[in-house]
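Coordinates as given in run.cif (mmCIF, C-alpha atoms):
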data_start
#
loop_
_atom_site.label_atom_id
_atom_site.label_comp_id
_atom_site.auth_asym_id
_atom_site.auth_seq_id
_atom_site.Cartn_x
_atom_site.Cartn_y
_atom_site.Cartn_z
CA MET A 1 104.96 9.36 34.38
CA PHE A 2 104.53 8.12 30.83
CA LEU A 3 105.65 10.49 28.11
CA ASN A 4 105.89 9.85 24.40
CA ARG A 5 108.56 11.18 22.04
CA ARG A 6 106.56 14.24 20.97
CA GLN A 7 105.83 15.22 24.56
CA PHE A 8 109.52 15.07 25.37
CA PHE A 9 110.32 17.38 22.49
CA LYS A 10 107.74 19.84 23.79
CA MET A 11 109.44 19.71 27.17
CA GLY A 12 112.71 20.54 25.42
CA LEU A 13 114.36 17.29 26.47
CA GLY A 14 114.17 15.61 23.11
CA LEU A 15 114.61 12.14 24.60
CA ALA A 16 112.39 9.45 25.94
CA ILE A 17 113.43 7.58 29.04
CA GLY A 18 113.15 3.98 30.01
CA SER A 19 114.86 0.89 31.18
CA SER A 20 118.23 0.36 29.57
CA LEU A 21 118.83 -2.56 27.25
CA GLY A 22 121.47 -5.24 27.67
CA LEU A 23 123.60 -7.11 25.20
CA VAL A 24 124.03 -10.77 26.10
CA SER A 25 127.24 -12.31 24.80
CA SER A 26 128.44 -15.80 25.70
CA ARG A 27 132.10 -16.17 26.58
CA HIS A 28 132.11 -19.56 24.87
CA ASN A 29 130.75 -17.93 21.72
CA LYS A 30 132.50 -14.59 21.85
CA HIS A 31 131.24 -13.56 18.43
CA ALA A 32 127.55 -14.23 18.97
CA HIS A 33 125.14 -11.31 19.26
CA ALA A 34 122.08 -12.32 21.22
CA SER A 35 118.64 -11.06 20.33
CA ARG A 36 118.15 -7.71 22.05
CA GLN A 37 114.58 -6.58 22.28
CA PRO A 38 113.80 -2.85 22.67
CA THR A 39 111.47 -1.85 25.44
CA ALA A 40 108.67 0.68 25.35
CA ARG A 41 108.52 1.01 29.13
CA LEU A 42 109.05 4.61 30.19
CA ALA A 43 109.81 5.87 33.67
CA ARG A 44 110.86 9.20 35.10
CA THR A 45 113.74 9.32 37.56
CA ARG A 46 113.58 11.45 40.68
CA GLN A 47 115.61 14.63 40.63
CA PHE A 48 118.84 15.01 42.56
CA ALA A 49 117.50 17.63 44.94
CA GLY A 50 117.21 15.88 48.26
CA GLN A 51 116.05 12.66 46.58
CA GLU A 52 118.06 9.83 45.12
CA PRO A 53 118.10 9.22 41.35
CA TYR A 54 117.34 5.87 39.78
CA ASN A 55 119.77 3.11 40.71
CA PRO A 56 119.61 0.02 38.47
CA PRO A 57 120.44 -3.49 39.69
CA HIS A 58 124.17 -3.67 40.36
CA GLY A 59 126.11 -6.10 38.17
CA ASP A 60 129.16 -8.10 39.12
CA LEU A 61 131.13 -5.13 37.82
CA ARG A 62 129.74 -1.61 37.51
CA ILE A 63 131.56 0.96 35.37
CA ALA A 64 130.54 4.62 35.35
CA VAL A 65 131.43 6.15 31.96
CA ILE A 66 131.92 9.90 31.66
CA SER A 67 133.56 11.97 28.94
CA ASP A 68 134.34 15.44 27.62
CA LEU A 69 134.16 17.27 30.91
CA SER A 70 135.93 20.45 29.84
CA ASP A 71 134.62 23.98 29.55
CA ALA A 72 135.88 26.68 27.13
CA GLN A 73 139.52 26.72 26.03
CA GLY A 74 141.75 27.70 28.93
CA ALA A 75 138.90 27.56 31.45
CA THR A 76 139.56 26.71 35.09
CA GLN A 77 135.98 25.86 35.98
CA TYR A 78 133.44 23.11 35.28
CA GLN A 79 129.75 23.33 34.52
CA ASP A 80 127.19 22.36 37.13
CA GLU A 81 126.31 19.12 35.32
CA VAL A 82 129.88 17.93 35.70
CA LYS A 83 129.95 18.71 39.41
CA ARG A 84 126.57 17.06 39.99
CA ALA A 85 127.62 13.93 38.12
CA ILE A 86 130.81 13.61 40.15
CA ALA A 87 128.87 14.18 43.38
CA LEU A 88 126.46 11.38 42.42
CA LEU A 89 129.05 8.75 41.61
CA PRO A 90 129.38 7.35 45.17
CA PHE A 91 125.61 6.80 45.32
CA TRP A 92 125.79 4.40 42.36
CA GLU A 93 128.76 2.57 43.90
CA PRO A 94 130.71 1.96 40.69
CA ASP A 95 133.66 -0.40 40.86
CA LEU A 96 135.43 1.78 38.30
CA VAL A 97 135.01 5.19 36.69
CA LEU A 98 136.14 5.52 33.07
CA CYS A 99 136.65 8.90 31.41
CA SER A 100 137.24 8.89 27.65
CA GLY A 101 139.01 12.21 27.47
CA ASP A 102 138.87 16.01 27.42
CA MET A 103 139.19 16.64 31.12
CA VAL A 104 140.68 20.09 30.54
CA ALA A 105 140.62 22.40 27.49
CA ALA A 106 144.27 22.99 26.68
CA GLN A 107 144.46 22.55 22.89
CA ASP A 108 145.80 26.04 22.35
CA ARG A 109 149.52 26.74 22.06
CA SER A 110 149.02 30.20 23.56
CA VAL A 111 147.98 28.70 26.91
CA SER A 112 150.92 29.13 29.27
CA ARG A 113 152.47 26.35 31.33
CA ASP A 114 151.29 28.06 34.51
CA ARG A 115 147.75 28.18 33.16
CA LEU A 116 147.92 24.51 32.16
CA ARG A 117 149.00 23.53 35.65
CA GLU A 118 146.20 25.64 37.10
CA MET A 119 143.71 23.80 34.86
CA TRP A 120 144.94 20.41 36.04
CA ASP A 121 144.89 21.65 39.64
CA THR A 122 141.22 22.56 39.15
CA PHE A 123 140.54 19.14 37.65
CA ASP A 124 142.19 17.54 40.64
CA ARG A 125 140.25 19.61 43.16
CA GLU A 126 136.82 19.25 41.57
CA ILE A 127 136.97 15.87 39.79
CA ALA A 128 139.82 13.59 40.85
CA GLN A 129 140.04 14.40 44.57
CA PRO A 130 136.33 13.67 45.17
CA MET A 131 136.79 10.29 43.48
CA ARG A 132 139.87 9.53 45.59
CA ASP A 133 137.98 10.61 48.72
CA ALA A 134 135.21 8.17 47.79
CA SER A 135 137.75 5.40 47.08
CA LEU A 136 136.60 5.19 43.45
CA PRO A 137 139.25 3.77 41.11
CA HIS A 138 139.32 5.86 37.94
CA ALA A 139 140.95 5.42 34.55
CA VAL A 140 141.26 8.07 31.87
CA ALA A 141 142.09 8.17 28.19
CA LEU A 142 143.59 11.55 27.39
CA GLY A 143 141.74 13.64 24.81
CA ASP A 144 142.87 16.06 22.13
CA ASN A 145 142.02 18.95 24.46
CA ASP A 146 144.18 17.40 27.17
CA ALA A 147 147.30 16.39 25.28
CA SER A 148 146.90 16.15 21.51
CA ARG A 149 149.30 13.98 19.53
CA ALA A 150 148.94 16.22 16.47
CA ARG A 151 152.17 16.65 14.53
CA LEU A 152 153.71 19.25 12.28
CA GLY A 153 156.26 17.24 10.37
CA GLU A 154 158.06 15.25 13.06
CA THR A 155 157.24 17.75 15.81
CA LEU A 156 154.49 17.17 18.35
CA VAL A 157 152.57 20.46 18.26
CA TYR A 158 151.30 20.18 21.83
CA GLN A 159 154.33 18.61 23.48
CA HIS A 160 154.21 20.88 26.53
CA GLN A 161 150.53 20.00 27.12
CA ARG A 162 151.47 16.33 26.95
CA ASP A 163 154.36 16.82 29.34
CA ILE A 164 152.22 18.61 31.91
CA ALA A 165 149.38 16.07 31.63
CA ALA A 166 151.84 13.20 32.06
CA ALA A 167 153.45 14.91 35.05
CA TYR A 168 150.05 15.37 36.71
CA TRP A 169 148.99 11.73 36.29
CA ASN A 170 152.34 10.32 37.39
CA MET A 171 152.39 12.19 40.70
CA PRO A 172 152.02 9.66 43.57
CA ALA A 173 149.40 11.94 45.17
CA HIS A 174 147.23 11.48 42.07
CA ASP A 175 147.22 7.66 42.14
CA PRO A 176 143.98 6.58 40.40
CA GLY A 177 143.71 3.37 42.43
CA LEU A 178 144.04 0.96 39.52
CA ASP A 179 145.39 -2.59 39.49
CA PHE A 180 147.91 -1.94 36.71
CA VAL A 181 149.12 -4.77 34.51
CA ASP A 182 151.50 -2.56 32.48
CA ARG A 183 152.03 1.19 32.89
CA TYR A 184 154.01 1.24 29.57
CA LYS A 185 153.57 4.94 28.60
CA PHE A 186 151.06 5.91 31.27
CA PRO A 187 148.80 7.91 30.97
CA PHE A 188 148.87 7.55 27.17
CA TYR A 189 149.11 3.75 26.95
CA TYR A 190 148.51 1.34 29.82
CA THR A 191 146.60 -1.76 30.90
CA PHE A 192 144.89 -2.78 34.12
CA ARG A 193 142.44 -5.31 35.51
CA ARG A 194 139.29 -4.91 37.53
CA GLY A 195 137.61 -8.11 38.65
CA GLN A 196 137.36 -10.45 35.68
CA ALA A 197 137.76 -7.64 33.14
CA PHE A 198 140.92 -6.51 31.32
CA PHE A 199 141.26 -2.90 30.16
CA LEU A 200 143.61 -1.29 27.66
CA VAL A 201 143.85 2.47 27.20
CA TRP A 202 145.47 3.84 24.04
CA ASP A 203 146.44 7.28 22.79
CA ALA A 204 143.64 8.36 20.44
CA THR A 205 144.24 12.09 20.89
CA SER A 206 144.63 12.53 17.14
CA SER A 207 143.71 10.66 13.97
CA LEU A 208 147.33 9.70 13.29
CA GLN A 209 148.28 6.05 13.07
CA MET A 210 149.99 4.58 16.09
CA ASP A 211 153.76 4.40 16.06
CA THR A 212 155.00 0.90 15.28
CA GLU A 213 156.27 0.23 18.81
CA ASP A 214 152.92 1.30 20.29
CA TYR A 215 150.97 -0.85 17.82
CA ASP A 216 153.17 -3.83 18.70
CA TRP A 217 152.57 -3.16 22.40
CA VAL A 218 148.80 -3.11 21.86
CA GLU A 219 148.98 -6.41 19.92
CA GLN A 220 151.08 -8.05 22.62
CA SER A 221 148.96 -6.71 25.46
CA LEU A 222 145.63 -7.81 24.01
CA GLY A 223 147.06 -11.17 22.99
CA SER A 224 148.65 -11.85 26.37
CA ALA A 225 147.50 -14.64 28.62
CA ILE A 226 146.23 -12.23 31.27
CA ALA A 227 144.09 -10.44 28.66
CA GLN A 228 142.79 -13.57 26.96
CA ASP A 229 142.05 -15.31 30.26
CA ALA A 230 139.83 -12.39 31.31
CA ALA A 231 136.10 -12.79 30.87
CA LEU A 232 135.83 -9.36 29.23
CA ARG A 233 138.20 -7.08 27.31
CA ILE A 234 137.52 -3.34 26.97
CA VAL A 235 139.61 -0.74 25.12
CA VAL A 236 139.28 2.98 25.84
CA GLY A 237 140.40 5.92 23.69
CA HIS A 238 139.26 9.44 22.90
CA LEU A 239 138.57 9.46 19.15
CA PRO A 240 136.01 6.92 17.91
CA LEU A 241 136.46 4.50 15.05
CA TYR A 242 133.48 5.92 13.15
CA ALA A 243 131.70 9.27 13.26
CA VAL A 244 128.35 9.67 15.02
CA SER A 245 127.82 13.43 15.46
CA LYS A 246 127.27 16.41 13.19
CA GLY A 247 130.34 18.47 12.48
CA ARG A 248 132.65 15.55 13.32
CA ASP A 249 132.25 13.37 10.22
CA ARG A 250 135.66 14.31 8.83
CA ILE A 251 139.32 13.36 8.81
CA GLY A 252 140.88 14.37 12.09
CA ASP A 253 137.82 13.62 14.21
CA VAL A 254 137.93 9.83 13.88
CA ILE A 255 140.79 7.35 14.09
CA GLY A 256 142.54 7.50 10.73
CA ASP A 257 143.25 3.77 10.37
CA ALA A 258 139.85 2.74 11.76
CA ALA A 259 139.46 -0.43 9.66
CA ASP A 260 142.86 -1.73 10.77
CA ARG A 261 142.22 -0.86 14.42
CA HIS A 262 138.76 -2.43 14.23
CA ALA A 263 140.30 -5.62 12.83
CA LEU A 264 142.91 -5.56 15.61
CA LEU A 265 140.21 -5.37 18.28
CA GLU A 266 138.18 -8.12 16.66
CA ARG A 267 141.26 -10.32 16.33
CA HIS A 268 141.76 -10.22 20.09
CA HIS A 269 138.06 -10.59 20.91
CA VAL A 270 137.69 -7.16 22.47
CA HIS A 271 134.11 -6.80 23.65
CA THR A 272 133.72 -3.00 23.74
CA TYR A 273 135.54 0.09 22.53
CA ILE A 274 134.64 3.19 24.59
CA SER A 275 135.33 6.63 23.12
CA GLY A 276 134.43 10.30 23.43
CA HIS A 277 135.22 13.43 21.37
CA HIS A 278 131.99 13.47 19.34
CA ARG A 279 130.09 14.70 22.40
CA ALA A 280 127.04 12.65 21.46
CA TYR A 281 125.79 9.42 23.04
CA PHE A 282 125.29 6.39 20.83
CA PRO A 283 125.39 2.74 21.95
CA GLY A 284 126.31 0.65 18.93
CA HIS A 285 128.15 -2.26 17.42
CA LEU A 286 129.63 -3.39 14.14
CA GLY A 287 130.92 -6.81 13.33
CA HIS A 288 131.66 -8.45 16.68
CA LEU A 289 132.70 -5.22 18.40
CA GLU A 290 130.52 -3.19 20.74
CA MET A 291 131.11 0.57 20.62
CA LEU A 292 129.98 2.91 23.38
CA GLN A 293 130.19 6.47 22.11
CA ALA A 294 129.99 8.48 25.33
CA GLY A 295 128.24 11.83 25.32
CA ALA A 296 129.70 14.98 26.87
CA LEU A 297 129.20 16.22 30.41
CA GLY A 298 130.86 19.57 29.68
CA ILE A 299 130.13 22.13 26.99
CA GLY A 300 129.62 21.45 23.30
CA SER A 301 127.11 18.59 23.17
CA ARG A 302 126.33 17.74 19.54
CA PRO A 303 123.36 16.23 17.69
CA LEU A 304 123.76 12.84 16.06
CA LEU A 305 124.53 12.66 12.34
CA VAL A 306 121.05 11.35 11.57
CA GLY A 307 117.66 11.94 13.15
CA ASP A 308 116.19 15.01 14.76
CA LEU A 309 117.08 14.57 18.44
CA PRO A 310 118.62 17.70 19.96
CA PRO A 311 122.04 17.48 21.66
CA HIS A 312 122.16 16.39 25.29
CA LYS A 313 124.64 15.67 28.08
CA THR A 314 124.95 12.13 29.35
CA LEU A 315 126.43 9.77 31.91
CA THR A 316 126.32 5.98 31.48
CA LEU A 317 126.37 3.15 34.01
CA LEU A 318 127.65 -0.06 32.42
CA ASP A 319 126.74 -3.11 34.50
CA VAL A 320 128.56 -6.34 33.69
CA ASN A 321 127.55 -9.80 34.82
CA PHE A 322 130.04 -12.56 34.11
CA SER A 323 127.98 -15.76 34.26
CA PRO A 324 126.68 -15.62 31.62
CA LEU A 325 128.49 -12.57 30.23
CA THR A 326 126.02 -9.69 29.88
CA THR A 327 126.41 -5.93 29.67
CA THR A 328 123.60 -3.51 30.46
CA TYR A 329 123.62 0.25 29.93
CA THR A 330 121.71 2.77 32.02
CA THR A 331 122.28 6.21 30.51
CA PHE A 332 121.09 9.47 32.04
CA GLU A 333 120.42 12.77 30.34
CA LEU A 334 121.66 15.72 32.38
CA PRO A 335 120.61 17.89 34.14
CA SER A 336 117.23 16.11 34.29
CA PHE A 337 118.62 12.66 35.18
CA LEU A 338 116.03 11.13 32.88
CA ARG A 339 116.99 7.67 31.64
CA ILE A 340 117.47 7.41 27.89
CA ASP A 341 115.53 4.75 26.05
CA GLN A 342 117.85 3.70 23.23
CA ALA A 343 114.83 2.76 21.11
CA VAL A 344 114.38 6.47 20.30
CA LEU A 345 117.92 6.72 18.91
CA PRO A 346 118.65 6.17 15.20
CA ARG A 347 118.72 2.54 14.06
CA SER A 348 122.17 3.08 12.57
CA ILE A 349 124.51 5.96 11.85
CA PRO A 350 126.29 5.89 8.48
CA SER A 351 129.25 8.23 8.05
CA GLN A 352 131.87 8.84 5.40
CA HIS A 353 134.12 6.02 6.54
CA GLY A 354 131.86 3.57 8.30
CA ILE A 355 128.60 2.79 10.01
CA VAL A 356 127.53 2.02 13.58
CA ILE A 357 124.45 -0.13 14.22
CA ARG A 358 122.38 0.48 17.35
CA ARG A 359 123.30 -2.19 19.87
CA ASP A 360 119.85 -3.75 20.20
CA LEU A 361 119.69 -4.50 16.45
CA THR A 362 121.40 -7.26 14.48
CA TRP A 363 122.39 -7.42 10.80
CA ASP A 364 119.19 -9.33 10.08
CA ASP A 365 117.15 -6.45 11.54
CA LEU A 366 118.52 -3.94 9.05
CA THR A 367 116.79 -2.85 5.88
CA ALA A 368 118.38 -3.41 2.48
CA GLU A 369 119.26 0.29 2.37
CA GLU A 370 120.98 0.11 5.76
CA ARG A 371 122.96 -2.97 4.74
CA ASP A 372 124.06 -1.28 1.52
CA ALA A 373 125.25 1.72 3.54
CA CYS A 374 127.60 -0.57 5.46
CA GLN A 375 128.86 -2.54 2.48
CA GLU A 376 129.66 0.63 0.56
CA ARG A 377 131.97 1.81 3.32
CA LEU A 378 133.55 -1.19 5.01
CA PRO A 379 134.87 -4.72 4.40
CA ASN A 380 132.04 -7.22 4.21
CA ASN A 381 133.35 -9.16 7.21
CA PHE A 382 132.42 -6.19 9.40
CA CYS A 383 128.95 -5.92 7.92
CA HIS A 384 127.57 -9.45 7.93
CA THR A 385 127.45 -10.06 11.68
#
With the file now loaded, output its structure as structure tokens.
Amino acid sequence: MFLNRRQFFKMGLGLAIGSSLGLVSSRHNKHAHASRQPTARLARTRQFAGQEPYNPPHGDLRIAVISDLSDAQGATQYQDEVKRAIALLPFWEPDLVLCSGDMVAAQDRSVSRDRLREMWDTFDREIAQPMRDASLPHAVALGDNDASRARLGETLVYQHQRDIAAAYWNMPAHDPGLDFVDRYKFPFYYTFRRGQAFFLVWDATSSLQMDTEDYDWVEQSLGSAIAQDAALRIVVGHLPLYAVSKGRDRIGDVIGDAADRHALLERHHVHTYISGHHRAYFPGHLGHLEMLQAGALGIGSRPLLVGDLPPHKTLTLLDVNFSPLTTTYTTFELPSFLRIDQAVLPRSIPSQHGIVIRRDLTWDDLTAEERDACQERLPNNFCHT
């Protein structure tokens, strides 16, 4: 079925669908962005009602990316889209499931410890246990709703949420099946490997700068031989470097020292930073860094900062091939399981503190106005590549 953008809006979906687009990046030229051509090919996936959804060609490494699963504050239930997505994961046979935060909604000091434990018990029963039953390794970056690092003076405001989240993830029965390199401050900071890829998870549950010892650990981990010998390096955190959704372009909803963190990731040749929190899907890049802003599966999906697309829930399959190094996204809108054609997304998203360029476009593809938007906000070395 071939549908244009206007027809999709009439259907209330607001998104076209099509084959996903890949970024090709040579390991021997880590900083080269290959030409990425958008496609106009549209195709409708079958519904998950007795029929299988679309399954793209499986890469050497397949990562299923989910984020922002939670319901209302204090809730002990998940929406149907979350349950359907988890039920579908074994069909796609991912080698790894990544969640970039907000698995429960506990950012409320009035929520009791018993209620917090009940929320994590529900998460375990409906999300984590099905993944363990399917032998799906899963890695999470805690979100602000899970275990915020917000401070009042020197006091961590949500310390009891952090304690309970850490206790849940460190229980042997809740082993996520990862090949850990360093558990350091698991589940807030840790590293692991999967195939030829190296992963680092950091605590981006607030916009505060990292403590010095944590920053040093990140530097050492990304600069280590095991990280640098990997064919691919990916970092995962909850807050993004730069804003992409309406209502979130403000201090507190992005990493506060984004330019420094961006430079840190570039310095160690990190390929992709995966984040959540903005509850809007946008596949982008800036400088030599890919950025996958995962959309929400739970409540609160938001529209992008620019353009007129309505909010939508998403799940992304990230297929990696290592020779040569390529990454390909297949992103589904839920509950329809229509594939999103990134060509209908904004060309770039400028915000107060930065800009993200859609991943199929290069600096040379941008208009003079779009280039100026970057140079007004960020160091030129981020903007010219």
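If you measure from each of A:Arg162, A:His238, A:His262, A:Lys83 to Glu126 in chain A using all atoms listed in the file, the closest one turns out to be A:Lys83.
Considering all atoms listed in the file, the residue among A:Val218, A:Leu338, A:Val320, A:Ile349 positioned nearest to His58 in chain A is A:Val320.
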List every protein, DNA or RNA residue with an atom no more than 7 Å from (142.1, 11.6, 10.0) in the file's coordinates, counting only C-alpha atoms, and format the result as a ChimeraX atom specification.
/A:207-208,251-256
The PyMOL selection byres ((chain A and resi 167) around 12) on the file shown: which residues, as JSON, numbers by chain?
{"A": [116, 117, 120, 121, 147, 160, 161, 162, 163, 164, 165, 166, 168, 169, 170, 171, 172, 173, 174, 175, 185, 186, 187, 188]}
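Near Arg125 in chain A, within 12 Å and counting all atoms listed in the file, sit Thr76, Gln77, Tyr78, Lys83, Ile86, Glu118, Met119, Trp120, Pro130, Met131, Arg132, Asp133 and His174 of chain A; same-chain residues fewer than 5 positions away were not included.
Going from CA of Trp217 in chain A over to CA of Arg183 in chain A, you cover 11.4 Å.
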Selection near Thr314 in chain A, 7 Å with only C-alpha atoms, sequence-local residues under 2 positions removed, as a VMD selection string
chain A and resid 281 295 to 297 312 316 331 to 334
Pick from A:Pro335, A:Pro303, A:Gly284, A:Gly153: nearest to Gln79 in chain A, with only C-alpha atoms counted?
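Distance minimum relative to Gln79 in chain A lands on A:Pro335.
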Looking at all atoms listed in the file, which of A:Leu264, A:Gln342, A:Pro310, A:Gln107 is the one that sits closest to Tyr215 in chain A?
A:Leu264
I'd like the residues picked by the PyMOL selection byres ((chain A and resi 301) around 7) written out as a VMD selection string, using the chain letters and numbers from the file.
chain A and resid 279 to 280 296 299 to 300 302 311 to 313
